[in-house]
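To keep things clear, I will list the structure first and then write my remarks on it.
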4 protein chains.
Amino acid sequence: MRAPVAGYEARVRSNFAKQPLMATIGAQLTRVAPGAVEIRLPFRADLTQQHGYLHAGTIAAVADSACGYAALSVMPPDADVLSIEFKVNMLSPARGDALVARADVIRAGRTIVVCRADVYAIADGDEKLVAAMQGTMMVSRQ
Amino acid sequence: MRAPVAGYEARVRSNFAKQPLMATIGAQLTRVAPGAVEIRLPFRADLTQQHGYLHAGTIAAVADSACGYAALSVMPPDADVLSIEFKVNMLSPARGDALVARADVIRAGRTIVVCRADVYAIADGDEKLVAAMQGTMMVSRQ
Amino acid sequence: MRAPVAGYEARVRSNFAKQPLMATIGAQLTRVAPGAVEIRLPFRADLTQQHGYLHAGTIAAVADSACGYAALSVMPPDADVLSIEFKVNMLSPARGDALVARADVIRAGRTIVVCRADVYAIADGDEKLVAAMQGTMMVSRQ
Amino acid sequence: MRAPVAGYEARVRSNFAKQPLMATIGAQLTRVAPGAVEIRLPFRADLTQQHGYLHAGTIAAVADSACGYAALSVMPPDADVLSIEFKVNMLSPARGDALVARADVIRAGRTIVVCRADVYAIADGDEKLVAAMQGTMMVSRQ
């Protein structure tokens, strides 16, 4: 567990509220800790692919935002964070009641922050790993 | 240019019509050729991140579908295609009038198909490269 | 911890001994468990890049082999495993006395196995995370 | 074709000569143009995996160096370039007389440069695409 940067949670929550896509798909910020963020997405049929599973783009959106906010949570107050790239493996069909993406910072440098996210599908209270992301965020000072 | 598989365009168009996410975000299938597919997404503010640019998840959704359909276009009629993983670099802010993702098959094996997609933002008729994807699709026989 | 497949360790060790590159760079298989493999590489100046750190290709070689053998360790005796793709982040300069790559299977399907590897540089007994890989292996039956 | 930065070729060649790994594996810098670099690796059995094909780590080493030098070739004289991450797909077995990696800059920013490399195996004068890389380089001013 990292030492928290003052005001990190308010900054993450405020920034999340400014991402229209998260509202559009119904994603919720369910946990903010220093270097670790969880986003939850209730299942919606209009976010799926041809087999009725959540689309890889939906999964990527949630996991990427979780990574970005995990990175933001360890940055100083004047910093902003942008995704420069990510890679995601789809491990199992993403179906059930909800999707939960849990992201962790694995390396926070001055300019580059690297995160991993594990994405779970929740069905009847059970969690199953359905995707795994590793991504790179760039820090900019405003 | 590859030799076309009979009925490839109808199969791609029919499958695309079954992806609810594509309709939800307003994406259109604008070109289908053997091994090459283009998807266009008119800009919408509800698909953006905190700076008003299209969210990386939106970009990934469009590019991943383009890759998947490029792969499907070269497969035999009984095959289905699933994304097993992709990597995407965000190169420039994705803003303007529309996004266009152009995917090409770079290697089609029996089980694995690898594609690349270049994603452009279109503003006032000019195109700018804003993202680049490389991804892996798995073929399943139904 | 997974239930071990009979003979997994002998198969992994025998296969590792058949990878000429591992001998060429001096890599050693230091741990084999079901779904988890560790490879150690003593530092050598002839494996470095222009600043005297281990080259990203050297790091990738060790991490990729660790992922491949982690995958092989959970497969039935008649299976072989090939890397189809991986992604690796270089997190810090790789210098010190040795490099250690620890790979874990995060999803083992019938055809596709996904692994992650964490790569540490060891200097004076301390470990520092220097690279992180996520990769996809394909299983073939012989 | 980009406008060349003065002295780019000498800087790339001089830097390449300082990468011990390239000498260790026998790689040669066969082409340097603004934003485009080619590295050739004569086949050697001691760089292979268990089936006698070039190891994915060998392929990654050559492709990553090609990407790094493609990036360096478009940077100002006081800049240095480090790989922060790459992703590589292995498309076909890498065997034959030699491997050739051709890297191109697809986006050069002030801090981040993104490259792609196509890797070919050459056998009896024929080229076959065997791997594809997409990677991210970070620019540092010395």
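Here, A, B, ... name the chains of the structure tokens in the order displayed, residue numbers run from 1 inside each chain, and ligands are numbered from 1 in the same displayed order.
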Test item: chain B residues at most 8 Å from chain D, counting only C-alpha atoms, as a VMD selection string: chain B and resid 87 89 91 107 114 134
Residue subset to file, keeping N, CA and C atoms, as a short mmCIF file (atom, residue, chain, number, x, y, z; two decimals), in the first residue's frame:
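So result22.cif came out as:
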```
data_model
loop_
_atom_site.label_atom_id
_atom_site.label_comp_id
_atom_site.auth_asym_id
_atom_site.auth_seq_id
_atom_site.Cartn_x
_atom_site.Cartn_y
_atom_site.Cartn_z
N LYS B 87 -3.64 -4.94 -28.86
CA LYS B 87 -2.85 -3.86 -28.29
C LYS B 87 -3.12 -2.64 -29.14
N ASN B 89 -2.17 1.63 -29.56
CA ASN B 89 -1.49 2.88 -29.16
C ASN B 89 -2.37 4.06 -29.54
N LEU B 91 -2.27 7.76 -30.50
CA LEU B 91 -1.17 8.54 -31.08
C LEU B 91 -1.41 10.04 -31.01
N ARG B 107 -1.89 -11.85 -41.36
CA ARG B 107 -1.55 -13.28 -41.40
C ARG B 107 -2.81 -14.07 -41.06
N VAL B 114 -4.08 -12.68 -37.54
CA VAL B 114 -3.52 -11.46 -36.95
C VAL B 114 -3.83 -10.28 -37.86
N GLN B 134 -2.83 -3.65 -33.09
CA GLN B 134 -2.39 -4.96 -33.60
C GLN B 134 -3.06 -6.01 -32.73
#
```
Using DSSP on the backbone, list every residue of stretch 70-139 of chain C that comes out as strand (DSSP E or B), and give them as an MDAnalysis selection string. chainID C and resid 79:90 98:108 112:123 126:139
Can you list every residue in chain A that DSSP puts in helix (DSSP H, G or I), as a ChimeraX atom specification? /A:8-16,20-25,45-47,56-72
Take the residues just selected and output them with C-alpha atoms as a compact mmCIF listing (two decimals), in the first residue's frame.
```txt
# COMPACT_ATOMS: atom_id res chain seq x y z
CA TYR A 8 -6.27 11.73 -4.31
CA GLU A 9 -9.74 10.29 -3.92
CA ALA A 10 -11.56 13.54 -4.58
CA ARG A 11 -9.44 14.17 -7.66
CA VAL A 12 -10.10 10.70 -9.04
CA ARG A 13 -13.83 10.90 -8.37
CA SER A 14 -14.09 14.37 -9.86
CA ASN A 15 -12.19 13.34 -12.97
CA PHE A 16 -14.26 10.16 -13.39
CA PRO A 20 -18.99 11.07 -20.54
CA LEU A 21 -18.34 7.53 -21.81
CA MET A 22 -18.45 6.13 -18.28
CA ALA A 23 -21.92 7.61 -17.77
CA THR A 24 -23.04 6.49 -21.22
CA ILE A 25 -22.24 2.85 -20.49
CA ALA A 45 -27.34 -5.97 -23.67
CA ASP A 46 -26.64 -2.86 -25.74
CA LEU A 47 -22.91 -3.13 -24.92
CA ALA A 56 -14.06 -6.33 -26.12
CA GLY A 57 -14.32 -2.56 -26.59
CA THR A 58 -16.63 -2.31 -23.59
CA ILE A 59 -14.21 -4.37 -21.52
CA ALA A 60 -11.30 -2.25 -22.72
CA ALA A 61 -13.13 0.99 -21.87
CA VAL A 62 -13.72 -0.05 -18.28
CA ALA A 63 -10.26 -1.55 -17.77
CA ASP A 64 -8.51 1.42 -19.38
CA SER A 65 -10.37 3.92 -17.19
CA ALA A 66 -9.53 1.84 -14.12
CA CYS A 67 -5.85 1.90 -15.13
CA GLY A 68 -5.90 5.62 -15.79
CA TYR A 69 -7.45 6.39 -12.41
CA ALA A 70 -5.12 4.03 -10.58
CA ALA A 71 -2.29 6.05 -12.16
CA LEU A 72 -3.93 9.39 -11.35
```
Counting only C-alpha atoms, what is within 6 Å of B:Ile39, bar same-chain residues fewer than 6 positions away, as a list in words? Gln28, Leu29, Thr30, Val100 and Ala101 of chain B
What does the distance between atom CA of D:Pro4 and atom CA of D:Pro76 come to in Å, to one decimal place?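 Between atom CA of D:Pro4 and atom CA of D:Pro76 the gap is 10.1 Å.
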Show me, as a PyMOL selection string, the residues that have an atom within 10 Å of C:Arg110 when counting only C-alpha atoms, minus same-chain residues fewer than 4 positions from it. chain C and resi 75+138-140
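Here atom CA of C:Gly96 stands at a distance of 17.7 Å from atom CA of C:Glu38.
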To one decimal place, how far is atom CA of B:Gly26 from atom CA of B:Leu99 in Å? 11.1 Å
A:Lys128: which residues within 9 Å, counting only C-alpha atoms, same-chain residues fewer than 2 positions away excluded, as a list in words?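 The residues that qualify are Ser92, Ala94, Val119, Tyr120, Ala121, Ile122, Ala123, Asp126 and Val130 of chain A.
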Can I get the selection written as an mmCIF file, in the first residue's frame, with C-alpha atoms?
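File written: again_28.cif
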```cif
data_model
loop_
_atom_site.group_PDB
_atom_site.id
_atom_site.type_symbol
_atom_site.label_atom_id
_atom_site.label_comp_id
_atom_site.auth_asym_id
_atom_site.auth_seq_id
_atom_site.Cartn_x
_atom_site.Cartn_y
_atom_site.Cartn_z
ATOM 1 C CA SER A 92 -13.512 -15.978 -21.110
ATOM 2 C CA ALA A 94 -17.925 -11.643 -20.374
ATOM 3 C CA VAL A 119 -11.465 -7.837 -15.157
ATOM 4 C CA TYR A 120 -14.031 -10.156 -13.605
ATOM 5 C CA ALA A 121 -17.540 -11.121 -14.610
ATOM 6 C CA ILE A 122 -19.885 -11.457 -11.661
ATOM 7 C CA ALA A 123 -22.759 -13.906 -11.878
ATOM 8 C CA ASP A 126 -19.316 -15.566 -8.119
ATOM 9 C CA VAL A 130 -12.583 -12.676 -18.026
#
```
